[in-house]
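To be precise, the following lines are input.txt, and they hold compact mmCIF, C-alpha atoms.
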# COMPACT_ATOMS: atom_id res chain seq x y z
CA MET W 1 8.34 -10.28 15.20
CA THR W 2 7.19 -7.03 13.54
CA LYS W 3 9.35 -3.96 13.83
CA GLU W 4 7.60 -1.11 15.69
CA LYS W 5 7.08 1.92 13.46
CA ASN W 6 8.75 5.09 14.61
CA PRO W 7 6.54 8.22 14.22
CA GLU W 8 9.65 10.40 13.75
CA ASP W 9 10.29 8.62 10.42
CA LEU W 10 7.10 10.08 8.94
CA LEU W 11 7.67 13.70 9.96
CA PRO W 12 6.94 16.33 8.81
CA LEU W 13 3.35 15.51 7.88
CA THR W 14 1.45 17.12 5.04
CA PRO W 15 -0.80 19.94 6.36
CA ALA W 16 -3.96 18.05 5.27
CA MET W 17 -2.94 14.95 7.21
CA PHE W 18 -2.10 16.84 10.36
CA HIS W 19 -5.44 18.66 10.20
CA ILE W 20 -7.26 15.32 9.83
CA LEU W 21 -5.34 13.86 12.80
CA LEU W 22 -6.27 16.95 14.85
CA ALA W 23 -9.92 16.62 13.86
CA LEU W 24 -9.96 12.99 14.98
CA ALA W 25 -8.02 13.62 18.21
CA ASP W 26 -11.13 14.31 20.31
CA ARG W 27 -13.69 11.98 18.69
CA ASP W 28 -14.56 9.69 15.79
CA ARG W 29 -15.87 11.53 12.75
CA HIS W 30 -17.12 10.95 9.20
CA GLY W 31 -15.66 12.72 6.16
CA TYR W 32 -17.92 15.76 6.10
CA ASP W 33 -17.58 16.19 9.87
CA ILE W 34 -13.76 16.20 9.51
CA MET W 35 -14.01 18.79 6.74
CA ARG W 36 -16.35 21.00 8.78
CA GLU W 37 -14.20 20.75 11.92
CA VAL W 38 -11.07 21.81 10.01
CA ASP W 39 -12.98 24.68 8.37
CA GLU W 40 -14.35 25.94 11.71
CA ARG W 41 -11.10 25.50 13.66
CA THR W 42 -9.06 27.38 11.05
CA GLU W 43 -11.81 30.01 10.58
CA GLY W 44 -12.16 29.07 6.93
CA LYS W 45 -8.44 29.41 6.16
CA VAL W 46 -8.06 25.71 5.42
CA ARG W 47 -10.79 24.31 3.20
CA MET W 48 -10.27 20.75 2.06
CA GLY W 49 -12.19 19.51 -0.94
CA PRO W 50 -13.53 15.93 -1.14
CA GLY W 51 -10.56 14.83 -3.31
CA THR W 52 -7.88 16.09 -0.92
CA LEU W 53 -9.80 14.75 2.06
CA TYR W 54 -10.29 11.22 0.74
CA GLY W 55 -6.85 11.10 -0.92
CA SER W 56 -5.35 11.82 2.52
CA ILE W 57 -7.72 9.37 4.22
CA LYS W 58 -6.66 6.65 1.77
CA ARG W 59 -2.96 7.16 2.56
CA MET W 60 -3.64 7.40 6.30
CA LEU W 61 -5.58 4.12 6.25
CA GLN W 62 -2.73 2.46 4.33
CA SER W 63 -0.17 3.76 6.85
CA GLY W 64 -2.27 2.68 9.83
CA LEU W 65 -2.73 6.23 11.17
CA ILE W 66 -6.52 5.93 11.20
CA GLU W 67 -9.04 3.10 11.19
CA GLU W 68 -12.47 2.84 9.67
CA LEU W 69 -15.16 2.02 12.20
CA GLY W 70 -17.46 -0.92 11.60
CA GLU W 71 -20.34 0.78 13.39
CA ARG W 72 -21.65 4.31 13.35
CA PRO W 73 -21.48 6.02 16.77
CA ASP W 74 -25.12 7.08 16.63
CA PRO W 75 -27.09 5.14 13.99
CA GLU W 76 -30.36 6.83 15.03
CA LEU W 77 -29.21 10.29 14.07
CA ASP W 78 -27.08 9.53 11.09
CA ASP W 79 -27.07 8.54 7.44
CA GLU W 80 -26.07 4.89 7.07
CA ARG W 81 -23.93 5.62 3.96
CA ARG W 82 -21.42 7.57 6.05
CA ARG W 83 -18.20 5.93 7.15
CA TYR W 84 -16.59 6.93 10.40
CA TYR W 85 -12.88 7.13 11.09
CA ARG W 86 -10.90 6.84 14.31
CA LEU W 87 -7.34 7.73 15.24
CA SER W 88 -5.17 4.61 15.74
CA ASP W 89 -2.58 4.37 18.53
CA PHE W 90 0.15 4.96 15.97
CA GLY W 91 -1.79 7.91 14.50
CA TYR W 92 -2.09 9.41 17.98
CA ARG W 93 1.66 9.04 18.61
CA LEU W 94 2.37 10.58 15.20
CA ALA W 95 0.05 13.54 15.93
CA VAL W 96 1.87 14.11 19.25
CA ALA W 97 5.27 13.92 17.53
CA GLU W 98 4.20 16.42 14.85
CA ALA W 99 2.69 18.79 17.48
CA GLU W 100 5.96 18.64 19.46
CA ARG W 101 7.98 19.32 16.30
CA LEU W 102 5.84 22.36 15.53
CA ALA W 103 6.04 23.53 19.16
CA ARG W 104 9.86 23.44 18.93
CA LEU W 105 9.68 25.50 15.75
CA VAL W 106 7.40 28.05 17.42
CA LYS W 107 9.80 28.22 20.38
CA THR W 108 12.66 28.96 18.00
CA ALA W 109 10.58 31.60 16.22
CA ARG W 110 9.92 33.26 19.63
CA LEU W 111 13.61 33.22 20.51
CA LYS W 112 14.37 34.86 17.17
CA LYS W 113 11.70 37.47 17.98
CA LEU W 114 9.66 36.51 14.95
CA LEU W 115 6.54 36.18 17.11
CA SER W 116 5.10 38.95 19.23
CA ALA W 117 3.77 38.22 22.72
CA ARG W 118 0.21 38.46 21.42
CA SER W 119 0.54 35.90 18.68
CA VAL W 120 0.09 32.13 19.36
CA MET R 121 -36.26 24.70 -9.42
CA GLN R 122 -33.68 24.65 -6.62
CA ARG R 123 -34.07 20.88 -6.36
CA THR R 124 -33.46 20.47 -10.11
CA SER R 125 -30.30 22.56 -10.03
CA SER R 126 -28.95 20.62 -7.04
CA ASN R 127 -29.70 17.31 -8.76
CA ILE R 128 -27.85 18.49 -11.87
CA SER R 129 -24.89 19.50 -9.69
CA PHE R 130 -24.81 16.13 -7.92
CA ARG R 131 -25.03 14.26 -11.23
CA LEU R 132 -22.28 16.43 -12.74
CA TYR R 133 -19.97 15.84 -9.76
CA GLU R 134 -20.67 12.10 -9.99
CA LEU R 135 -19.54 12.20 -13.64
CA LEU R 136 -16.45 14.25 -12.77
CA LEU R 137 -15.42 11.54 -10.31
CA PHE R 138 -14.37 9.52 -13.38
CA ALA R 139 -11.23 11.69 -13.37
CA TYR R 140 -9.96 9.51 -10.47
CA PRO R 141 -8.44 6.04 -10.93
CA SER R 142 -11.13 3.33 -10.90
CA ASP R 143 -9.93 1.59 -7.69
CA PHE R 144 -9.90 4.91 -5.80
CA ARG R 145 -13.32 5.84 -7.19
CA ARG R 146 -14.78 2.47 -6.25
CA VAL R 147 -13.75 2.81 -2.59
CA PHE R 148 -14.13 6.54 -1.98
CA GLY R 149 -16.43 7.76 -4.80
CA PRO R 150 -19.74 7.31 -2.91
CA GLN R 151 -18.31 9.06 0.17
CA MET R 152 -16.94 11.94 -1.90
CA LEU R 153 -20.32 12.38 -3.55
CA GLN R 154 -21.96 12.36 -0.11
CA VAL R 155 -19.53 15.02 1.14
CA PHE R 156 -20.20 17.14 -1.96
CA ARG R 157 -23.95 16.84 -1.32
CA ASP R 158 -23.47 17.92 2.31
CA CYS R 159 -21.37 20.90 1.28
CA TYR R 160 -23.87 21.87 -1.42
CA ARG R 161 -26.82 21.75 1.00
CA ALA R 162 -24.90 23.74 3.59
CA GLU R 163 -24.06 26.39 1.00
CA GLN R 164 -27.69 26.50 -0.19
CA GLN R 165 -28.81 27.35 3.33
CA GLY R 166 -26.43 30.30 3.48
CA SER R 167 -27.70 33.66 2.35
CA ARG R 168 -24.54 34.90 0.68
CA VAL R 169 -24.68 35.52 -3.05
CA GLY R 170 -22.55 33.29 -5.26
CA THR R 171 -21.86 30.62 -2.63
CA ILE R 172 -22.74 27.76 -4.99
CA PHE R 173 -20.46 29.24 -7.64
CA ARG R 174 -17.63 29.48 -5.06
CA LEU R 175 -18.28 25.88 -3.99
CA TRP R 176 -18.01 24.67 -7.58
CA LEU R 177 -14.82 26.68 -8.14
CA HIS R 178 -13.24 25.21 -5.00
CA THR R 179 -14.46 21.69 -5.81
CA LEU R 180 -13.14 21.82 -9.37
CA SER R 181 -9.68 23.06 -8.38
CA ASP R 182 -9.57 20.35 -5.67
CA LEU R 183 -10.67 17.73 -8.19
CA ILE R 184 -7.98 18.65 -10.73
CA MET R 185 -5.18 18.64 -8.14
CA SER R 186 -6.24 15.51 -6.28
CA ALA R 187 -7.14 13.45 -9.39
CA ALA R 188 -3.69 14.24 -10.86
CA LYS R 189 -2.08 13.19 -7.56
CA GLU R 190 -4.04 9.92 -7.36
CA ARG R 191 -3.21 9.07 -10.98
CA GLY R 192 0.46 9.89 -10.31
CA ALA R 193 0.47 7.65 -7.22
CA ARG R 194 -1.05 4.82 -9.23
CA GLU R 195 1.63 5.23 -11.91
CA ASN R 196 4.38 5.15 -9.23
CA SER R 197 2.91 2.04 -7.67
CA PHE R 198 2.78 0.34 -11.11
CA MET R 199 6.44 1.28 -11.77
CA ASN R 200 7.47 0.02 -8.32
CA THR R 201 5.78 -3.34 -8.94
CA LEU R 202 7.37 -3.59 -12.38
CA LYS R 203 10.82 -2.76 -10.97
CA LYS R 204 10.34 -5.32 -8.18
CA ASP R 205 9.25 -8.02 -10.65
CA LEU R 206 12.18 -7.34 -12.99
CA VAL R 207 14.74 -7.44 -10.16
CA GLY R 208 13.16 -10.67 -8.88
CA ILE R 209 13.16 -12.37 -12.29
CA PHE R 210 16.76 -11.27 -12.91
CA GLY R 211 17.85 -12.64 -9.52
CA PHE R 212 16.18 -16.03 -10.04
CA VAL R 213 17.55 -16.35 -13.59
CA LEU R 214 21.02 -15.49 -12.28
CA ILE R 215 20.88 -18.23 -9.60
CA ILE R 216 19.72 -20.83 -12.13
CA ALA R 217 22.33 -19.70 -14.70
CA LEU R 218 25.08 -19.96 -12.07
CA ALA R 219 23.90 -23.43 -11.06
CA LEU R 220 23.78 -24.50 -14.73
CA PHE R 221 27.30 -23.16 -15.30
CA LEU R 222 28.66 -25.06 -12.28
CA LEU R 223 26.80 -28.16 -13.40
CA SER R 224 28.23 -28.13 -16.92
CA TYR R 225 31.71 -27.18 -15.63
CA GLY R 226 31.68 -30.04 -13.11
CA LYS R 227 30.47 -32.61 -15.67
CA LYS R 228 33.01 -31.47 -18.27
CA HIS R 229 36.02 -31.57 -15.95
CA GLY R 230 34.90 -34.50 -13.77
CA ALA R 231 36.02 -32.58 -10.70
CA ALA R 232 36.10 -34.51 -7.42
CA TRP R 233 34.11 -31.85 -5.56
CA PHE R 234 31.35 -32.14 -8.12
CA PHE R 235 30.19 -35.60 -7.05
CA VAL R 236 27.87 -34.52 -4.20
CA LEU R 237 27.31 -30.99 -5.42
CA GLY R 238 26.13 -32.28 -8.82
CA TYR R 239 23.01 -33.82 -7.31
CA PHE R 240 22.22 -30.60 -5.48
CA LEU R 241 22.75 -28.44 -8.60
CA ASP R 242 20.61 -30.80 -10.67
CA ALA R 243 17.76 -30.48 -8.16
CA LEU R 244 18.28 -26.74 -7.86
CA VAL R 245 17.95 -26.19 -11.61
CA SER R 246 15.17 -28.64 -12.46
CA ALA R 247 12.93 -27.90 -9.46
CA GLY R 248 13.90 -24.21 -9.46
CA VAL R 249 12.86 -23.57 -13.06
CA VAL R 250 9.52 -25.38 -12.80
CA ALA R 251 8.57 -24.12 -9.32
CA ASN R 252 9.57 -20.49 -9.83
CA ILE R 253 7.62 -20.17 -13.08
CA ILE R 254 4.53 -21.58 -11.32
CA VAL R 255 5.05 -19.29 -8.28
CA PHE R 256 5.43 -16.21 -10.49
CA LEU R 257 2.32 -17.00 -12.55
CA LEU R 258 0.20 -17.83 -9.47
CA ALA R 259 1.34 -14.78 -7.52
CA LYS R 260 0.62 -12.49 -10.49
CA THR R 261 -2.67 -13.89 -11.69
CA ALA R 262 -4.33 -14.85 -8.40
CA LYS R 263 -2.77 -11.96 -6.38
CA LEU R 264 -1.96 -14.41 -3.58
CA ASN R 265 0.65 -14.05 -0.84
CA SER R 266 3.79 -14.90 -2.82
CA PHE R 267 5.69 -16.54 0.08
CA ARG R 268 2.84 -18.91 0.92
CA VAL R 269 2.45 -19.75 -2.76
CA ALA R 270 6.22 -20.35 -2.98
CA LEU R 271 6.20 -22.64 0.08
CA ARG R 272 3.41 -24.84 -1.27
CA THR R 273 4.62 -24.87 -4.88
CA LEU R 274 8.22 -25.70 -3.93
CA LEU R 275 6.98 -28.52 -1.74
CA VAL R 276 4.73 -29.97 -4.45
CA VAL R 277 7.30 -29.59 -7.28
CA HIS R 278 10.18 -31.10 -5.27
CA ALA R 279 7.98 -33.99 -4.14
CA ALA R 280 6.68 -34.56 -7.69
CA LEU R 281 10.21 -34.62 -9.16
CA LEU R 282 11.36 -37.04 -6.46
CA ILE R 283 8.45 -39.35 -7.31
CA VAL R 284 9.37 -39.18 -11.03
CA ILE R 285 13.00 -40.07 -10.19
CA ALA R 286 11.82 -42.90 -7.93
CA VAL R 287 9.67 -44.34 -10.73
CA ILE R 288 12.62 -44.20 -13.16
CA ALA R 289 14.93 -45.67 -10.50
CA VAL R 290 12.62 -48.66 -10.00
CA ARG R 291 13.06 -49.58 -13.68
CA ASP R 292 16.81 -48.94 -13.81
CA PRO R 293 18.39 -48.43 -10.37
CA SER R 294 22.06 -48.43 -11.50
CA PRO R 295 22.69 -44.65 -12.07
CA PHE R 296 20.89 -43.50 -8.91
CA ASN R 297 22.07 -42.94 -5.37
CA ALA R 298 18.84 -42.59 -3.39
CA LEU R 299 20.38 -40.94 -0.33
CA ASN R 300 22.23 -38.31 -2.37
CA ILE R 301 19.15 -37.53 -4.45
CA VAL R 302 16.84 -37.12 -1.45
CA THR R 303 19.44 -34.98 0.35
CA ALA R 304 19.90 -32.87 -2.78
CA TYR R 305 16.17 -32.26 -3.15
CA ILE R 306 15.76 -31.36 0.53
CA GLY R 307 18.73 -28.99 0.11
CA SER R 308 17.21 -27.48 -3.02
CA PHE R 309 13.84 -27.05 -1.31
CA LEU R 310 15.44 -25.28 1.67
CA PHE R 311 17.61 -23.14 -0.60
CA TRP R 312 14.69 -21.89 -2.73
CA LEU R 313 12.51 -21.42 0.35
CA GLY R 314 15.28 -19.29 1.89
CA VAL R 315 15.55 -17.23 -1.30
CA HIS R 316 11.78 -16.63 -1.35
CA PHE R 317 11.74 -15.76 2.36
CA ALA R 318 14.57 -13.23 1.90
CA TRP R 319 12.80 -11.81 -1.17
CA ALA R 320 9.48 -11.46 0.68
CA LYS R 321 11.21 -9.72 3.61
CA SER R 322 13.20 -7.34 1.43
CA THR R 323 10.19 -6.27 -0.64
CA GLN R 324 7.84 -5.84 2.33
CA ASN R 325 8.72 -2.16 2.70
CA TRP R 326 9.41 -1.50 -0.98
CA SER R 327 6.71 1.13 -1.32
CA HIS R 328 5.28 3.36 1.41
CA PRO R 329 2.18 5.48 0.97
CA GLU R 330 3.18 9.11 1.01
CA VAL R 331 2.24 10.70 4.35
CA SER R 332 5.24 12.93 4.89
CA SER R 333 5.66 16.27 3.17
CA GLN R 334 9.41 15.69 2.73

Can you turn what I pasted into structure tokens?
Amino acid sequence: MTKEKNPEDLLPLTPAMFHILLALADRDRHGYDIMREVDERTEGKVRMGPGTLYGSIKRMLQSGLIEELGERPDPELDDERRRYYRLSDFGYRLAVAEAERLARLVKTARLKKLLSARSV
Amino acid sequence: MQRTSSNISFRLYELLLFAYPSDFRRVFGPQMLQVFRDCYRAEQQGSRVGTIFRLWLHTLSDLIMSAAKERGARENSFMNTLKKDLVGIFGFVLIIALALFLLSYGKKHGAAWFFVLGYFLDALVSAGVVANIIVFLLAKTAKLNSFRVALRTLLVVHAALLIVIAVIAVRDPSPFNALNIVTAYIGSFLFWLGVHFAWAKSTQNWSHPEVSSQ
């Protein structure tokens, strides 16, 4: 019997990993697509290079947070050399746990009046 | 002209990928090169001045940081494996040394309790030394699952030693008690299998890939 992994044990995540989990939360993506999504979502504030991106992907694959897809979602429109990644069930639970942890922090920051009503 | 400069950039980045450990480069190198190409083409389409220069600056700083991290992770993983191997070897040597000590103590003092235990200790030492050396060498050289290797090797070595004893016993049956010997070898097999099972379980979570920022 294998022991179920607890997402709480891996918190807090590195910023790069959380951004990758967020990018994969709505759909499967390849490396460049993940990079572009993070860049657009953060308005250019977070720019991952190929080394950081694939270093994180390697660790996330090893930890079972993401899975590599055997097939490309749309082979007609895409380069066959690309590899697509998908969030695993455990990766999804970990992303939720990290989002909840950050939400609690933001709530504390509000209570301490560190955030104005306009921000967040 | 533009095509030549982009080809030079792609070739240069491909060469720079040698900064990463070979196993990392083998798996992710082609994808990293593809991502760099995509970024380069996207920057080329932009009208801002110096975008390619900024891309190179960003890529180089990322390469230095991430290559150092990957090399560091590889070093840690090597040290973890070395530590695990040394602890394992020490543990197995300790068990065999303890069994040898009890064996020589029992034989020297002719203790009553030694009669049955002696057979077991004999089997434990002789089969343990041969089987564990084979298991270690197979697990290291062939990179096989060490518990499965241990199970098969222990079975083969114990059976082989029993056959050797049986052949000797056929020629001169006087010093042998067949039941005690068979029981001792079954006991030794189960003991070593238990040790290998416990070892495999305890080292399963020895090293975790780093995902947390703690």

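Taking CA of Leu10 (chain W) and CA of Leu94 (chain W) as endpoints, the distance between them is 7.9 Å.
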
(request) Measure the distance from CA of Gly208 (chain R) to CA of Trp319 (chain R) in Å and round it to one decimal. (result) 7.8 Å

(request) Would you work out the distance separating CA of Thr179 (chain R) from CA of Glu98 (chain W), expressed in Å to one decimal? (result)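 Between CA of Thr179 (chain R) and CA of Glu98 (chain W) the gap is 28.3 Å.
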
Please report, as a Markdown table, each residue of chain W lying at most 6 Å from chain R, together with the nearest pair of atoms and the separation in Å rounded to one decimal; use all atoms listed in the file, and order rows by chain and ascending residue number.
| residue | atom | partner | partner_atom | distance |
| --- | --- | --- | --- | --- |
| W:Leu10 | CA | R:Ser332 | CA | 5.3 |
| W:Leu11 | CA | R:Ser332 | CA | 5.7 |
| W:Pro12 | CA | R:Ser332 | CA | 5.5 |
| W:Leu13 | CA | R:Ser332 | CA | 4.4 |
| W:Thr14 | CA | R:Ser333 | CA | 4.7 |
| W:Tyr32 | CA | R:Val155 | CA | 5.3 |
| W:Gly49 | CA | R:Asp182 | CA | 5.5 |
| W:Pro50 | CA | R:Met152 | CA | 5.3 |
| W:Gly51 | CA | R:Ser186 | CA | 5.3 |
| W:Thr52 | CA | R:Ser186 | CA | 5.6 |
| W:Arg59 | CA | R:Pro329 | CA | 5.6 |

(request) Name the closest residue to Leu275 (chain R) among the candidates R:Ala247, R:Val290, R:Gly166, R:Leu214; distances are taken between atoms, counting all atoms listed in the file. (result)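 The shortest atom-to-atom distance to Leu275 (chain R) comes from R:Ala247.
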
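Across W:Arg36, W:Asp26, W:Ala109, W:Lys58, the tightest approach to Ala162 (chain R) is made by W:Arg36 when counting all atoms listed in the file.
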
(message) Restricting the calculation to all atoms listed in the file: of W:Ser116, W:Lys5, W:His19, W:Arg101, which residue gets closest to Glu40 (chain W)?
(response)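 That would be W:His19, the residue with the smallest distance to Glu40 (chain W).
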
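Between Asp33 (chain W) and the candidates W:Tyr85, W:Leu61, W:Asn6, W:Ala97, the tightest atom-to-atom separation, counting all atoms listed in the file, involves W:Tyr85.
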
Take every atom of region 136-142 of chain R listed in the file, pad by 5 Å on each side, and give me the axis-aligned box centre and edge lengths in Å, one decimal, as AutoDock Vina command-line options.
--center_x -12.4 --center_y 8.8 --center_z -11.8 --size_x 18.0 --size_y 20.9 --size_z 13.1

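Nearest to Gly314 (chain R) of all the residues R:Ile283, R:Ala270, R:Val277, R:Ser224 is R:Ala270, based on all atoms listed in the file.
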